[in-house]
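For reference, upload16.csv is printed below; it contains CSV, C-alpha atoms.
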chain,number,residue,atom,x,y,z
A,1,MET,CA,0.0,0.0,0.0
A,2,THR,CA,1.0,3.6,-0.6
A,3,PRO,CA,-0.2,6.9,0.7
A,4,LYS,CA,-2.4,7.2,-2.3
A,5,ASP,CA,-4.4,4.3,-0.8
A,6,HIS,CA,-5.1,6.3,2.4
A,7,TRP,CA,-6.7,9.5,3.6
A,8,GLY,CA,-4.5,12.4,4.6
A,9,GLY,CA,-5.7,15.0,7.0
A,10,VAL,CA,-4.9,18.4,8.6
A,11,ALA,CA,-6.3,20.1,11.6
A,12,ALA,CA,-5.2,23.7,11.6
A,13,GLN,CA,-7.0,25.3,14.5
A,14,ILE,CA,-4.0,27.5,15.2
A,15,MET,CA,-4.7,29.3,11.9
A,16,TYR,CA,-8.2,30.3,12.8
A,17,MET,CA,-7.2,33.6,14.3
A,18,VAL,CA,-5.6,34.9,11.1
A,19,SER,CA,-7.3,35.8,7.9
A,20,PRO,CA,-8.0,33.2,5.2
A,21,GLU,CA,-5.4,34.8,3.1
A,22,LEU,CA,-2.7,34.5,5.8
A,23,GLN,CA,-3.8,30.9,6.5
A,24,ASP,CA,-3.3,30.2,2.8
A,25,GLU,CA,0.2,31.9,2.8
A,26,LEU,CA,1.5,30.6,6.1
A,27,GLY,CA,-0.2,27.2,6.4
A,28,LEU,CA,-2.0,25.8,3.5
A,29,ARG,CA,0.8,26.3,1.0
A,30,TYR,CA,3.0,24.0,3.1
A,31,GLU,CA,0.2,21.5,3.9
A,32,HIS,CA,-0.2,21.0,0.2
A,33,GLN,CA,3.2,19.3,0.1
A,34,TRP,CA,2.0,16.7,2.6
A,35,LEU,CA,-1.6,16.3,1.4
A,36,GLN,CA,-0.8,15.7,-2.3
A,37,GLU,CA,0.7,12.4,-1.3
A,38,PHE,CA,-2.6,11.0,-0.3
A,39,GLY,CA,-5.6,9.6,-2.3
A,40,LEU,CA,-8.2,11.7,-0.4
A,41,THR,CA,-8.0,14.5,2.0
A,42,TYR,CA,-10.0,15.5,5.1
A,43,TYR,CA,-9.5,19.0,6.4
A,44,GLY,CA,-10.3,20.6,9.8
A,45,CYS,CA,-11.2,19.8,13.3
A,46,CYS,CA,-12.5,22.4,15.8
A,47,ALA,CA,-12.2,25.7,14.0
A,48,PRO,CA,-15.1,27.2,12.0
A,49,LEU,CA,-14.1,27.0,8.3
A,50,HIS,CA,-17.2,28.6,6.7
A,51,ASP,CA,-15.1,31.6,5.6
A,52,ARG,CA,-12.2,29.5,4.2
A,53,VAL,CA,-13.8,27.0,1.8
A,54,HIS,CA,-12.5,29.1,-1.1
A,55,ILE,CA,-8.9,28.5,-0.1
A,56,LEU,CA,-9.5,24.9,1.0
A,57,ARG,CA,-10.7,24.0,-2.5
A,58,SER,CA,-7.0,24.2,-3.6
A,59,ILE,CA,-6.1,21.1,-1.5
A,60,PRO,CA,-5.4,18.1,-3.7
A,61,ASN,CA,-8.1,15.4,-3.5
A,62,LEU,CA,-10.1,17.3,-0.9
A,63,ARG,CA,-13.2,15.2,-0.2
A,64,LYS,CA,-14.3,16.1,3.4
A,65,ILE,CA,-14.3,19.3,5.5
A,66,SER,CA,-15.0,19.4,9.2
A,67,MET,CA,-17.9,21.6,10.3
A,68,SER,CA,-17.4,22.6,13.9
A,69,PRO,CA,-20.2,23.7,16.2
A,70,TRP,CA,-19.0,27.3,15.6
A,71,ALA,CA,-19.3,27.2,11.8
A,72,HIS,CA,-22.2,28.9,10.0
A,73,VAL,CA,-24.2,25.9,8.7
A,74,ASP,CA,-26.0,27.9,6.1
A,75,GLU,CA,-22.8,29.3,4.6
A,76,MET,CA,-21.0,26.0,4.7
A,77,VAL,CA,-23.7,24.2,2.9
A,78,GLN,CA,-24.2,26.9,0.2
A,79,THR,CA,-20.4,27.2,-0.3
A,80,VAL,CA,-19.7,23.5,-0.4
A,81,GLY,CA,-22.7,22.5,-2.5
A,82,ARG,CA,-22.5,18.9,-3.5
A,83,ASP,CA,-18.8,18.9,-4.1
A,84,LEU,CA,-17.6,17.9,-0.7
A,85,VAL,CA,-18.7,16.0,2.4
A,86,LEU,CA,-19.3,18.1,5.5
A,87,SER,CA,-18.5,16.3,8.7
A,88,TYR,CA,-20.6,17.9,11.4
A,89,LYS,CA,-19.3,18.0,14.9
A,90,PRO,CA,-21.8,19.1,17.5
A,91,ASN,CA,-20.7,21.0,20.6
A,92,PRO,CA,-18.9,18.5,22.9
A,93,GLU,CA,-20.7,20.2,25.8
A,94,ILE,CA,-23.5,17.8,25.1
A,95,LEU,CA,-21.4,15.0,26.4
A,96,ALA,CA,-19.8,16.9,29.3
A,97,ARG,CA,-23.0,17.4,31.3
A,98,ASP,CA,-23.7,15.6,34.6
A,99,THR,CA,-26.6,13.8,33.0
A,100,TRP,CA,-26.7,12.3,29.5
A,101,GLU,CA,-29.6,13.8,27.5
A,102,PRO,CA,-30.0,11.9,24.3
A,103,GLU,CA,-33.0,14.1,23.2
A,104,ARG,CA,-30.8,17.2,23.4
A,105,ALA,CA,-28.1,15.6,21.3
A,106,ARG,CA,-30.7,14.4,18.7
A,107,ALA,CA,-32.2,17.9,18.6
A,108,THR,CA,-28.8,19.5,18.1
A,109,ILE,CA,-27.9,17.2,15.2
A,110,ALA,CA,-31.4,17.3,13.7
A,111,ALA,CA,-31.4,21.1,13.7
A,112,CYS,CA,-28.1,21.1,11.7
A,113,LEU,CA,-29.4,18.5,9.3
A,114,ASP,CA,-32.7,20.3,8.8
A,115,THR,CA,-30.8,23.5,8.0
A,116,ALA,CA,-28.4,21.7,5.7
A,117,LEU,CA,-31.3,19.9,3.9
A,118,GLN,CA,-33.2,23.2,3.4
A,119,ARG,CA,-30.1,25.0,2.1
A,120,ARG,CA,-29.2,22.1,-0.2
A,121,ASP,CA,-32.8,22.0,-1.5
A,122,ASP,CA,-32.7,25.8,-2.1
A,123,HIS,CA,-29.4,25.4,-3.9
A,124,GLU,CA,-30.8,22.5,-6.1
A,125,ARG,CA,-33.9,24.5,-7.0
A,126,HIS,CA,-31.8,27.5,-7.9
A,127,GLN,CA,-29.2,25.5,-9.8
A,128,HIS,CA,-31.5,23.1,-11.7
A,129,GLY,CA,-34.9,24.8,-11.6
A,130,ALA,CA,-36.5,21.6,-10.3
A,131,LEU,CA,-37.7,20.5,-6.9
A,132,ARG,CA,-35.9,17.6,-5.3
A,133,THR,CA,-37.1,15.4,-2.5
A,134,ALA,CA,-35.2,15.2,0.8
A,135,ALA,CA,-34.4,11.6,0.0
A,136,ALA,CA,-32.5,12.7,-3.1
A,137,VAL,CA,-30.4,15.2,-1.2
A,138,ALA,CA,-27.2,13.6,0.0
A,139,VAL,CA,-26.1,15.5,3.0
A,140,GLY,CA,-22.6,14.2,3.7
A,141,GLY,CA,-22.8,11.9,0.7
A,142,CYS,CA,-20.0,11.6,-1.8
A,143,GLY,CA,-22.2,12.4,-4.8
A,144,HIS,CA,-21.0,9.2,-6.6
A,145,ALA,CA,-23.7,7.6,-8.7
A,146,GLY,CA,-21.6,5.0,-10.5
A,147,SER,CA,-21.4,1.3,-9.8
A,148,SER,CA,-17.9,1.3,-8.3
A,149,PRO,CA,-17.5,2.1,-4.6
A,150,CYS,CA,-16.4,5.5,-3.4
A,151,ARG,CA,-13.0,5.9,-1.7
Would you write the structure of this file as structure tokens?
Amino acid sequence: MTPKDHWGGVAAQIMYMVSPELQDELGLRYEHQWLQEFGLTYYGCCAPLHDRVHILRSIPNLRKISMSPWAHVDEMVQTVGRDLVLSYKPNPEILARDTWEPERARATIAACLDTALQRRDDHERHQHGALRTAAAVAVGGCGHAGSSPCR
């Protein structure tokens, strides 16, 4: 096996406090050297990346972007469209409470999915001029429609 058979990933939270342009200049430019070696790339962890998708698209083989609890869901979904997978991470505070509240966790995740589905539907109607059913909207899907498996 070679790195091309594996996922590469970067979590650059330290760059969140600088502009997207500085992140591109001081971080992403060097991360490219590492990430180009892998078959697919996953970017992000805990920083909101909604204002950086435009620079992240330059990453070789980018397939998945982290969507932290502080990211703007509307903006992420509209900017990413159907090109990339969004990996939603709810606020970890849900797990740090004295009592486990599964309903609260479900509600948090459902609210994000509802927003994403609505924005994705809006995008589809705008792009193609036709209504799509929620079942046809692949939130987090790879968008692959062929018979061979996705990587």
Of the listed residues A:Leu62, A:Leu49, A:Leu28, A:Ala111, that which approaches Asp83 (chain A) most closely, counting all atoms listed in the file: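 Residue with the minimum atom-to-atom distance to Asp83 (chain A): A:Leu62.
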Contacts of region 66-80 of chain A within 7 Å, all atoms listed in the file, excl. fewer than 3 positions in-chain, as a list in words: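 So the residues in contact are Tyr43, Gly44, Cys45, Cys46, Ala47, Pro48, Leu49, His50, Val53, Asp83, Leu84, Leu86, Ser87, Tyr88, Lys89, Pro90, Asn91, Cys112, Thr115, Ala116, Arg119, Arg120 and His123 of chain A.
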Go through A:Glu101, A:Leu40, A:Gly81, A:Leu113 one by one, measure the shortest atom-to-atom distance of each to Arg63 (chain A) using all atoms listed in the file, and give the residue with the smallest value. A:Leu40
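For the choices A:Val85, A:Ala96, A:Leu35, A:Ala110, the atom-to-atom distance to Lys64 (chain A) is smallest for A:Val85 when using all atoms listed in the file.
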Spatial neighbours of Ser19 (chain A), 10 Å, only C-alpha atoms, chain gap at least 6 places, as a PyMOL selection string: chain A and resi 25+51-52
Interatomic distance (Å, one decimal) between CA of Thr2 (chain A) and CA of Glu37 (chain A): 8.8 Å
Hey, can you check how far CA of Phe38 (chain A) sits from CA of Asp5 (chain A)?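 Interatomic distance here is 7.0 Å.
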What does the distance between CA of Leu26 (chain A) and CA of His54 (chain A) come to in Å, to one decimal place?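 Answer for the CA of Leu26 (chain A) to CA of His54 (chain A) separation: 15.8 Å.
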Counting only C-alpha atoms, select every polymer residue within 10 Å of (-4.2, 8.0, 7.1) as defined in the file's coordinates, and provide the selection as a PyMOL selection string. chain A and resi 3-9+38-42
Write a file of the just-selected residues containing C-alpha atoms, as a short mmCIF file (atom, residue, chain, number, x, y, z; two decimals), in the coordinates of the input.
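Just written: again27.cif:
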data_model
loop_
_atom_site.label_atom_id
_atom_site.label_comp_id
_atom_site.auth_asym_id
_atom_site.auth_seq_id
_atom_site.Cartn_x
_atom_site.Cartn_y
_atom_site.Cartn_z
CA PRO A 3 -0.20 6.90 0.70
CA LYS A 4 -2.40 7.20 -2.30
CA ASP A 5 -4.40 4.30 -0.80
CA HIS A 6 -5.10 6.30 2.40
CA TRP A 7 -6.70 9.50 3.60
CA GLY A 8 -4.50 12.40 4.60
CA GLY A 9 -5.70 15.00 7.00
CA PHE A 38 -2.60 11.00 -0.30
CA GLY A 39 -5.60 9.60 -2.30
CA LEU A 40 -8.20 11.70 -0.40
CA THR A 41 -8.00 14.50 2.00
CA TYR A 42 -10.00 15.50 5.10
#
